[in-house]
$ cat input.cif   # mmCIF, C-alpha atoms
data_model
loop_
_atom_site.label_atom_id
_atom_site.label_comp_id
_atom_site.auth_asym_id
_atom_site.auth_seq_id
_atom_site.Cartn_x
_atom_site.Cartn_y
_atom_site.Cartn_z
CA MET A 10 87.06 34.06 126.95
CA THR A 11 88.77 30.73 127.73
CA ASP A 12 86.52 27.68 127.30
CA VAL A 13 86.66 25.64 130.52
CA THR A 14 83.72 23.32 129.76
CA ASN A 15 86.02 20.45 128.79
CA ILE A 16 88.05 20.53 132.01
CA SER A 17 87.14 17.56 134.17
CA PRO A 18 85.79 18.12 137.71
CA ARG A 19 88.93 16.44 139.10
CA ASP A 20 91.19 18.88 137.21
CA LYS A 21 89.07 21.83 138.33
CA ALA A 22 89.46 20.67 141.95
CA GLU A 23 93.23 20.36 141.45
CA ILE A 24 93.41 23.91 140.05
CA LEU A 25 91.51 25.22 143.09
CA ALA A 26 93.74 23.26 145.48
CA GLN A 27 96.84 24.83 143.95
CA ALA A 28 95.55 28.24 145.04
CA LEU A 29 95.35 27.13 148.69
CA PRO A 30 98.91 28.13 149.73
CA TYR A 31 98.32 31.64 148.39
CA ILE A 32 94.90 31.93 150.06
CA ARG A 33 96.47 30.82 153.35
CA LYS A 34 99.37 33.25 152.94
CA PHE A 35 97.20 36.27 152.18
CA HIS A 36 94.17 35.51 154.37
CA GLY A 37 93.24 38.59 156.40
CA LYS A 38 95.71 40.79 154.49
CA THR A 39 94.80 44.02 152.70
CA MET A 40 95.36 44.46 148.96
CA VAL A 41 94.98 47.94 147.46
CA ILE A 42 94.03 47.76 143.79
CA LYS A 43 94.35 50.75 141.44
CA TYR A 44 91.71 50.16 138.78
CA GLY A 45 92.03 51.89 135.41
CA GLY A 46 92.84 51.51 131.73
CA ASN A 47 91.22 48.91 129.43
CA ALA A 48 90.10 46.83 132.40
CA MET A 49 87.80 49.72 133.24
CA THR A 50 86.25 50.24 129.78
CA ASP A 51 86.06 46.77 128.18
CA PRO A 52 82.83 45.00 129.31
CA ALA A 53 84.40 41.51 129.44
CA LEU A 54 87.40 42.77 131.44
CA GLN A 55 85.06 44.72 133.74
CA ALA A 56 83.22 41.49 134.56
CA ASP A 57 86.53 39.63 135.12
CA PHE A 58 87.77 42.37 137.43
CA ALA A 59 84.57 42.34 139.48
CA GLU A 60 84.63 38.55 139.81
CA ASP A 61 88.30 38.61 140.86
CA VAL A 62 87.75 41.26 143.56
CA VAL A 63 84.67 39.51 144.97
CA LEU A 64 86.41 36.13 145.00
CA LEU A 65 89.38 37.63 146.88
CA LYS A 66 86.98 39.05 149.46
CA LEU A 67 85.12 35.75 149.86
CA VAL A 68 88.34 33.78 150.52
CA GLY A 69 89.31 36.17 153.31
CA ILE A 70 91.51 38.74 151.56
CA ASN A 71 90.59 42.43 151.97
CA PRO A 72 90.59 44.26 148.62
CA VAL A 73 90.37 48.07 148.56
CA VAL A 74 89.71 49.57 145.11
CA VAL A 75 90.99 53.04 144.12
CA HIS A 76 89.85 54.08 140.65
CA GLY A 77 90.82 56.63 138.06
CA GLY A 78 88.65 57.90 135.23
CA GLY A 79 90.80 59.89 132.82
CA PRO A 80 89.02 58.84 129.58
CA GLN A 81 85.58 59.42 131.12
CA ILE A 82 86.64 62.89 132.35
CA GLU A 83 88.06 63.68 128.90
CA THR A 84 84.77 62.65 127.24
CA ALA A 85 82.74 64.84 129.64
CA LEU A 86 85.04 67.84 129.08
CA LYS A 87 84.73 67.47 125.30
CA ARG A 88 80.94 67.56 125.62
CA LEU A 89 81.37 70.92 127.36
CA GLY A 90 83.80 72.15 124.70
CA LYS A 91 86.83 72.04 127.02
CA LYS A 92 90.19 70.50 126.14
CA GLY A 93 92.21 68.71 128.82
CA GLU A 94 95.70 70.02 129.57
CA PHE A 95 98.45 67.91 131.12
CA ILE A 96 101.80 68.86 132.66
CA GLN A 97 104.23 66.07 133.58
CA GLY A 98 101.45 63.49 133.52
CA MET A 99 99.06 65.47 135.75
CA ARG A 100 95.77 67.05 134.65
CA VAL A 101 95.54 70.85 135.06
CA THR A 102 92.26 71.37 136.95
CA ASP A 103 90.54 74.77 136.95
CA ALA A 104 87.29 75.31 138.91
CA GLU A 105 85.02 74.23 136.03
CA THR A 106 87.13 71.13 135.35
CA MET A 107 87.01 70.28 139.07
CA GLU A 108 83.21 70.22 138.95
CA VAL A 109 83.37 67.80 136.01
CA VAL A 110 85.96 65.64 137.80
CA GLU A 111 83.74 65.37 140.88
CA TRP A 112 80.55 64.38 139.10
CA VAL A 113 82.32 61.96 136.76
CA LEU A 114 84.52 60.23 139.37
CA ALA A 115 82.26 60.29 142.43
CA GLY A 116 79.11 59.80 140.36
CA GLU A 117 79.19 57.96 137.06
CA VAL A 118 82.46 56.00 137.34
CA GLN A 119 82.28 55.08 141.01
CA GLN A 120 78.69 53.90 140.83
CA ASP A 121 79.45 51.78 137.75
CA ILE A 122 82.21 50.00 139.70
CA VAL A 123 80.05 49.58 142.80
CA GLY A 124 77.31 48.12 140.61
CA LEU A 125 79.69 45.66 138.92
CA LEU A 126 81.01 44.40 142.26
CA ASN A 127 77.53 44.05 143.73
CA GLN A 128 76.32 42.25 140.62
CA ALA A 129 79.22 39.79 141.02
CA GLY A 130 78.05 38.99 144.55
CA GLY A 131 80.06 41.45 146.61
CA LYS A 132 79.01 44.25 148.94
CA ALA A 133 80.72 47.37 147.60
CA VAL A 134 80.49 50.88 149.04
CA GLY A 135 81.60 54.03 147.19
CA LEU A 136 83.64 56.71 148.97
CA THR A 137 85.49 59.88 148.12
CA GLY A 138 88.31 61.35 150.16
CA ARG A 139 85.72 63.60 151.81
CA ASP A 140 83.90 60.67 153.43
CA GLY A 141 85.01 60.12 157.00
CA GLY A 142 87.53 62.94 156.55
CA MET A 143 89.71 60.42 154.74
CA ILE A 144 91.98 62.46 152.43
CA ARG A 145 93.18 65.88 153.53
CA ALA A 146 94.93 67.73 150.74
CA GLN A 147 96.58 70.99 149.75
CA LYS A 148 97.33 72.64 146.42
CA LEU A 149 100.05 70.76 144.57
CA GLN A 150 103.25 72.69 143.90
CA MET A 151 104.37 71.18 140.59
CA VAL A 152 108.09 71.87 140.12
CA ASP A 153 109.21 71.77 136.50
CA SER A 154 111.21 68.61 135.78
CA SER A 155 113.84 70.48 133.74
CA ASP A 156 113.89 73.83 135.60
CA PRO A 157 113.63 73.51 139.42
CA ALA A 158 113.12 77.27 139.73
CA LYS A 159 109.84 77.06 137.79
CA VAL A 160 106.56 76.00 139.49
CA HIS A 161 103.49 75.16 137.39
CA ASP A 162 100.02 76.29 138.50
CA MET A 163 97.93 73.11 138.31
CA GLY A 164 94.70 74.67 139.64
CA GLN A 165 92.78 72.39 142.01
CA VAL A 166 95.20 69.49 141.77
CA GLY A 167 95.91 68.20 145.25
CA ASP A 168 98.92 66.99 147.17
CA ILE A 169 98.01 64.60 150.01
CA VAL A 170 98.57 66.03 153.50
CA SER A 171 97.24 63.02 155.40
CA ILE A 172 95.00 59.98 155.08
CA ASP A 173 92.72 58.79 157.90
CA PRO A 174 91.82 55.18 157.01
CA SER A 175 89.22 54.72 159.80
CA VAL A 176 86.22 54.59 157.46
CA VAL A 177 87.98 52.08 155.17
CA LYS A 178 88.86 49.82 158.10
CA ALA A 179 85.30 50.00 159.45
CA LEU A 180 83.91 48.91 156.09
CA GLN A 181 86.45 46.08 155.78
CA ASP A 182 85.51 44.79 159.24
CA ASP A 183 81.87 44.65 158.13
CA ALA A 184 82.67 42.60 154.99
CA PHE A 185 82.25 45.53 152.57
CA ILE A 186 84.55 46.33 149.64
CA PRO A 187 85.53 50.04 149.67
CA VAL A 188 85.63 51.75 146.25
CA ILE A 189 87.45 55.09 146.52
CA SER A 190 87.40 58.11 144.19
CA PRO A 191 90.65 60.15 144.36
CA ILE A 192 89.14 63.44 145.54
CA GLY A 193 90.47 65.20 148.63
CA PHE A 194 89.48 68.28 150.60
CA GLY A 195 91.43 71.30 151.81
CA GLU A 196 91.36 73.34 155.01
CA ASN A 197 88.73 75.68 153.53
CA ASN A 198 86.58 72.74 152.35
CA GLU A 199 87.74 73.16 148.75
CA SER A 200 87.92 70.02 146.59
CA TYR A 201 91.12 68.70 145.07
CA ASN A 202 91.66 66.35 142.16
CA ILE A 203 94.42 63.91 143.16
CA ASN A 204 96.19 61.47 140.88
CA ALA A 205 94.63 58.03 141.50
CA ASP A 206 98.00 56.27 141.42
CA VAL A 207 99.27 58.57 144.16
CA VAL A 208 96.14 57.97 146.28
CA ALA A 209 96.43 54.19 145.85
CA ALA A 210 100.11 54.21 146.83
CA LYS A 211 99.58 56.43 149.88
CA LEU A 212 96.53 54.47 151.01
CA ALA A 213 98.45 51.19 150.67
CA THR A 214 101.17 52.65 152.89
CA VAL A 215 98.73 53.90 155.55
CA LEU A 216 96.87 50.56 155.60
CA GLN A 217 100.20 48.66 155.59
CA ALA A 218 98.84 46.61 152.70
CA GLU A 219 100.37 43.28 151.76
CA LYS A 220 100.28 44.27 148.09
CA LEU A 221 99.60 47.30 145.91
CA MET A 222 98.32 46.24 142.50
CA MET A 223 98.26 48.84 139.72
CA LEU A 224 96.34 47.86 136.59
CA THR A 225 97.62 49.53 133.42
CA ASN A 226 97.22 49.39 129.63
CA ILE A 227 100.72 48.02 129.11
CA SER A 228 102.43 44.80 130.15
CA GLY A 229 104.41 46.64 132.86
CA VAL A 230 107.45 48.92 132.91
CA LEU A 231 109.27 48.70 129.58
CA ASP A 232 112.86 49.57 128.72
CA LYS A 233 113.71 51.79 125.74
CA ALA A 234 113.68 48.76 123.44
CA GLY A 235 110.15 47.87 124.55
CA ASN A 236 111.16 44.87 126.64
CA LEU A 237 109.33 44.13 129.91
CA LEU A 238 111.30 44.77 133.11
CA THR A 239 109.88 42.19 135.53
CA ASP A 240 111.77 43.20 138.66
CA LEU A 241 113.02 46.68 139.57
CA SER A 242 114.87 48.08 142.56
CA ALA A 243 114.79 51.69 143.81
CA ARG A 244 118.22 52.36 142.28
CA GLN A 245 117.18 51.02 138.88
CA ILE A 246 114.03 53.14 138.92
CA ASP A 247 116.07 56.28 139.66
CA GLU A 248 118.20 55.49 136.60
CA LEU A 249 115.08 55.03 134.44
CA PHE A 250 113.78 58.44 135.61
CA LEU A 251 117.09 60.11 134.78
CA ASP A 252 117.44 58.70 131.26
CA GLY A 253 113.80 59.44 130.38
CA THR A 254 112.69 55.80 130.05
CA ILE A 255 109.94 56.52 132.60
CA SER A 256 108.06 59.69 131.66
CA GLY A 257 104.60 61.24 131.22
CA GLY A 258 101.73 59.40 132.88
CA MET A 259 104.07 56.70 134.19
CA LEU A 260 105.91 59.23 136.42
CA PRO A 261 103.30 59.52 139.20
CA LYS A 262 102.51 55.80 138.93
CA ILE A 263 106.10 54.64 139.42
CA SER A 264 106.95 57.34 141.97
CA GLY A 265 103.96 56.33 144.08
CA ALA A 266 104.77 52.63 143.73
CA LEU A 267 108.35 53.21 144.86
CA ASP A 268 107.26 55.31 147.85
CA ALA A 269 104.86 52.53 148.90
CA ALA A 270 107.56 49.87 148.59
CA LYS A 271 109.95 51.97 150.69
CA SER A 272 107.24 52.58 153.31
CA GLY A 273 106.38 49.02 154.24
CA VAL A 274 104.08 47.67 151.50
CA ASN A 275 105.44 44.16 150.94
CA ALA A 276 105.06 44.06 147.17
CA VAL A 277 104.06 46.56 144.49
CA HIS A 278 102.97 45.16 141.13
CA ILE A 279 102.31 47.09 137.93
CA ILE A 280 100.24 44.63 135.90
CA ASP A 281 98.54 44.38 132.52
CA GLY A 282 94.82 45.06 132.99
CA ARG A 283 94.16 43.77 129.46
CA VAL A 284 94.78 40.17 130.63
CA PRO A 285 91.55 38.41 131.69
CA HIS A 286 91.47 37.63 135.45
CA VAL A 287 94.93 39.16 135.89
CA LEU A 288 94.33 39.82 139.61
CA LEU A 289 93.71 36.14 140.36
CA LEU A 290 96.65 35.12 138.17
CA GLU A 291 98.99 37.50 139.98
CA ILE A 292 97.80 36.82 143.55
CA LEU A 293 96.76 33.14 143.56
CA THR A 294 99.26 31.52 141.16
CA ASP A 295 103.05 31.46 140.81
CA GLN A 296 102.80 33.07 137.35
CA ALA A 297 104.13 36.65 137.46
CA PHE A 298 102.50 39.33 135.33
CA GLY A 299 103.98 42.80 134.85
CA THR A 300 106.65 44.53 136.94
CA MET A 301 107.36 44.07 140.64
CA ILE A 302 108.97 47.02 142.43
CA ARG A 303 111.29 46.46 145.38
CA SER A 304 112.54 49.09 147.84
CA HIS A 305 116.16 47.87 147.77
#
$ encode --input "input.cif" --output "C-alpha cells"
Amino acid sequence: MTDVTNISPRDKAEILAQALPYIRKFHGKTMVIKYGGNAMTDPALQADFAEDVVLLKLVGINPVVVHGGGPQIETALKRLGKKGEFIQGMRVTDAETMEVVEWVLAGEVQQDIVGLLNQAGGKAVGLTGRDGGMIRAQKLQMVDSSDPAKVHDMGQVGDIVSIDPSVVKALQDDAFIPVISPIGFGENNESYNINADVVAAKLATVLQAEKLMMLTNISGVLDKAGNLLTDLSARQIDELFLDGTISGGMLPKISGALDAAKSGVNAVHIIDGRVPHVLLLEILTDQAFGTMIRSH
C-alpha cells in the first residue's frame, strides 16, 4: 500500500482538485463494472475496490457491479468431486453444476461483495437476473469456432434474450449500489448460467452507460509478443480474433466489449484489477490503464 502520510494537506487538496473535471464530466452517469480476477480474491485489492466504488457513488456517479466467480465455483465443484469443463471459454453447466453456480454466485460471492461495499460506507443491494424479471435467457447454442456445422451442448448455459433494467434504475434512484450475479431465467422458470462479461456488456448497453469497466488479471489486451494494446478499433479486434491472438476466456470478454461499444456505450475499458485503486485511476485521472475499445 502506498504511504501517503508524508503528503502535505495542501498537496492532498491539489490532488483532489485535479479530479474535479472528471467528477463534473461523469456526474449522474452510469458506470457498469465487471468485477473479477485478483481484485476479487486479494483482501487488500477487495478493500480498494470497495472504497473506489463507494467514492464514485458519493461524488454522484452511478456504479453498477456485475461479478463473476469462476475460482469460487471451481473450488465448490472440487469439494463435490466434480471437474469443471470449458468449451471456447464458457463453462459447461449440467443440472448439478447449475445448483452449485447458483449458491456460490447468488450466495457466498454476492454477499461478500455486498458486505465489502457496505463496510466501506456504501448501500449495496444484491440481485440476480431473476430479481425484477431482469435477465430473460434461453439455452446457448455454442457453434464450434472451427466447424460451423457443429453445435456444442453447454447444458444450462444461457444466451440473453432481453434485459429489463427497471429494478437497477429504481435502486440507483434511491442511492443504492446494485450488485448483480449473472444468472438468468428461461420461459419455463429454469435457471441459466450466463458469462459475467456478457451480462456486464449487455447491461451497459441497455443502461446506455458512460463506461463499461472490465477488471481482469492481465494488464489489458496483449499482442502475440506480450505487448499491451492500449487502443483497439472494431476492425483490429476482428483481425486479432482471426489470427488467434484473442482466444479462450478472452473471447466472450472482448466480444461483449465490442458489442457494447458498437451499441452506444461511450467507452469500454479492459483494465488490470491487480493495480490498487485502478477504478479511480482510470475514471478520475488522465492516466490510462489497460485497453480501450472503440466501435470504429
$ residues_near_point --input "input.cif" --point "(97.3, 48.6, 139.5)" --cutoff "12 Å" --atoms "all atoms listed in the file" --output "compact mmCIF listing (two decimals) with C-alpha atoms, keeping the file's coordinate frame"
# COMPACT_ATOMS: atom_id res chain seq x y z
CA MET A 40 95.36 44.46 148.96
CA VAL A 41 94.98 47.94 147.46
CA ILE A 42 94.03 47.76 143.79
CA LYS A 43 94.35 50.75 141.44
CA TYR A 44 91.71 50.16 138.78
CA GLY A 45 92.03 51.89 135.41
CA GLY A 46 92.84 51.51 131.73
CA ASN A 47 91.22 48.91 129.43
CA ALA A 48 90.10 46.83 132.40
CA MET A 49 87.80 49.72 133.24
CA PHE A 58 87.77 42.37 137.43
CA VAL A 73 90.37 48.07 148.56
CA VAL A 74 89.71 49.57 145.11
CA VAL A 75 90.99 53.04 144.12
CA HIS A 76 89.85 54.08 140.65
CA GLY A 77 90.82 56.63 138.06
CA ALA A 205 94.63 58.03 141.50
CA ASP A 206 98.00 56.27 141.42
CA VAL A 207 99.27 58.57 144.16
CA VAL A 208 96.14 57.97 146.28
CA ALA A 209 96.43 54.19 145.85
CA ALA A 210 100.11 54.21 146.83
CA ALA A 213 98.45 51.19 150.67
CA LYS A 220 100.28 44.27 148.09
CA LEU A 221 99.60 47.30 145.91
CA MET A 222 98.32 46.24 142.50
CA MET A 223 98.26 48.84 139.72
CA LEU A 224 96.34 47.86 136.59
CA THR A 225 97.62 49.53 133.42
CA ASN A 226 97.22 49.39 129.63
CA ILE A 227 100.72 48.02 129.11
CA SER A 228 102.43 44.80 130.15
CA GLY A 229 104.41 46.64 132.86
CA MET A 259 104.07 56.70 134.19
CA LYS A 262 102.51 55.80 138.93
CA ILE A 263 106.10 54.64 139.42
CA GLY A 265 103.96 56.33 144.08
CA ALA A 266 104.77 52.63 143.73
CA ALA A 276 105.06 44.06 147.17
CA VAL A 277 104.06 46.56 144.49
CA HIS A 278 102.97 45.16 141.13
CA ILE A 279 102.31 47.09 137.93
CA ILE A 280 100.24 44.63 135.90
CA ASP A 281 98.54 44.38 132.52
CA GLY A 282 94.82 45.06 132.99
CA ARG A 283 94.16 43.77 129.46
CA VAL A 287 94.93 39.16 135.89
CA LEU A 288 94.33 39.82 139.61
CA GLU A 291 98.99 37.50 139.98
CA PHE A 298 102.50 39.33 135.33
CA GLY A 299 103.98 42.80 134.85
CA THR A 300 106.65 44.53 136.94
CA MET A 301 107.36 44.07 140.64
$ residues_around --input "input.cif" --residues "Ala53 (chain A)" --least-positions-apart "6" --cutoff "12 Å" --atoms "all atoms listed in the file" --output "PyMOL selection string"
chain A and resi 10-11+47+59-60+125+282-286
$ closest_residue --input "input.cif" --among "A:Ala218, A:Ser256, A:Ala184, A:Trp112" --to "Val68 (chain A)" --atoms "only C-alpha atoms"
A:Ala184
$ resolve_selection --input "input.cif" --expression "the PyMOL selection byres ((chain A and resi 134) around 8)" --output "ChimeraX atom specification"
/A:123,132-133,135-136,185-188
$ write_last_selection --input "input.cif" --atoms "C-alpha atoms" --output "mmCIF file, in the coordinates of the input"
data_model
loop_
_atom_site.group_PDB
_atom_site.id
_atom_site.type_symbol
_atom_site.label_atom_id
_atom_site.label_comp_id
_atom_site.auth_asym_id
_atom_site.auth_seq_id
_atom_site.Cartn_x
_atom_site.Cartn_y
_atom_site.Cartn_z
ATOM 1 C CA VAL A 123 80.050 49.580 142.800
ATOM 2 C CA LYS A 132 79.010 44.250 148.940
ATOM 3 C CA ALA A 133 80.720 47.370 147.600
ATOM 4 C CA GLY A 135 81.600 54.030 147.190
ATOM 5 C CA LEU A 136 83.640 56.710 148.970
ATOM 6 C CA PHE A 185 82.250 45.530 152.570
ATOM 7 C CA ILE A 186 84.550 46.330 149.640
ATOM 8 C CA PRO A 187 85.530 50.040 149.670
ATOM 9 C CA VAL A 188 85.630 51.750 146.250
#
$ resolve_selection --input "input.cif" --expression "the PyMOL selection byres ((chain A and resi 35) around 12)" --output "ChimeraX atom specification"
/A:28-34,36-40,65-66,68-72,218-220,275,292-293
$ closest_atom_pairs --input "input.cif" --of "region 21-139 of chain A" --to "region 152-160 of chain A" --cutoff "12 Å" --atoms "all atoms listed in the file" --output "CSV"
residue,atom,partner,partner_atom,distance
A:Ile96,CA,A:Asp153,CA,8.8
A:Gln97,CA,A:Ser154,CA,7.7
A:Gly98,CA,A:Ser154,CA,11.3
A:Met99,CA,A:Val152,CA,11.9
$ resolve_selection --input "input.cif" --expression "the PyMOL selection byres ((chain A and resi 232) around 12)" --output "ChimeraX atom specification"
/A:228-231,233-241,245-246,248-250,252-256,300
$ closest_residue --input "input.cif" --among "A:Asn204, A:Thr294, A:Asn197, A:Gln181" --to "Ile169 (chain A)" --atoms "only C-alpha atoms"
A:Asn204
$ closest_residue --input "input.cif" --among "A:Leu114, A:Leu67, A:Ser171, A:Val101" --to "Pro80 (chain A)" --atoms "all atoms listed in the file"
A:Leu114
$ closest_residue --input "input.cif" --among "A:Val63, A:Val118, A:Ala104, A:Leu54" --to "Gln81 (chain A)" --atoms "all atoms listed in the file"
A:Val118
$ closest_residue --input "input.cif" --among "A:Gly78, A:Gly138, A:Phe194, A:Phe95" --to "Glu117 (chain A)" --atoms "only C-alpha atoms"
A:Gly78
$ residues_around --input "input.cif" --residues "Val166 (chain A)" --least-positions-apart "6" --cutoff "10 Å" --atoms "all atoms listed in the file" --output "compact mmCIF listing (two decimals) with C-alpha atoms, keeping the file's coordinate frame"
# COMPACT_ATOMS: atom_id res chain seq x y z
CA MET A 99 99.06 65.47 135.75
CA ARG A 100 95.77 67.05 134.65
CA VAL A 101 95.54 70.85 135.06
CA THR A 102 92.26 71.37 136.95
CA ASP A 103 90.54 74.77 136.95
CA MET A 107 87.01 70.28 139.07
CA ALA A 146 94.93 67.73 150.74
CA GLN A 147 96.58 70.99 149.75
CA LYS A 148 97.33 72.64 146.42
CA LEU A 149 100.05 70.76 144.57
CA GLN A 150 103.25 72.69 143.90
CA MET A 151 104.37 71.18 140.59
CA ILE A 192 89.14 63.44 145.54
CA GLY A 193 90.47 65.20 148.63
CA SER A 200 87.92 70.02 146.59
CA TYR A 201 91.12 68.70 145.07
CA ASN A 202 91.66 66.35 142.16
CA ILE A 203 94.42 63.91 143.16
CA ASN A 204 96.19 61.47 140.88
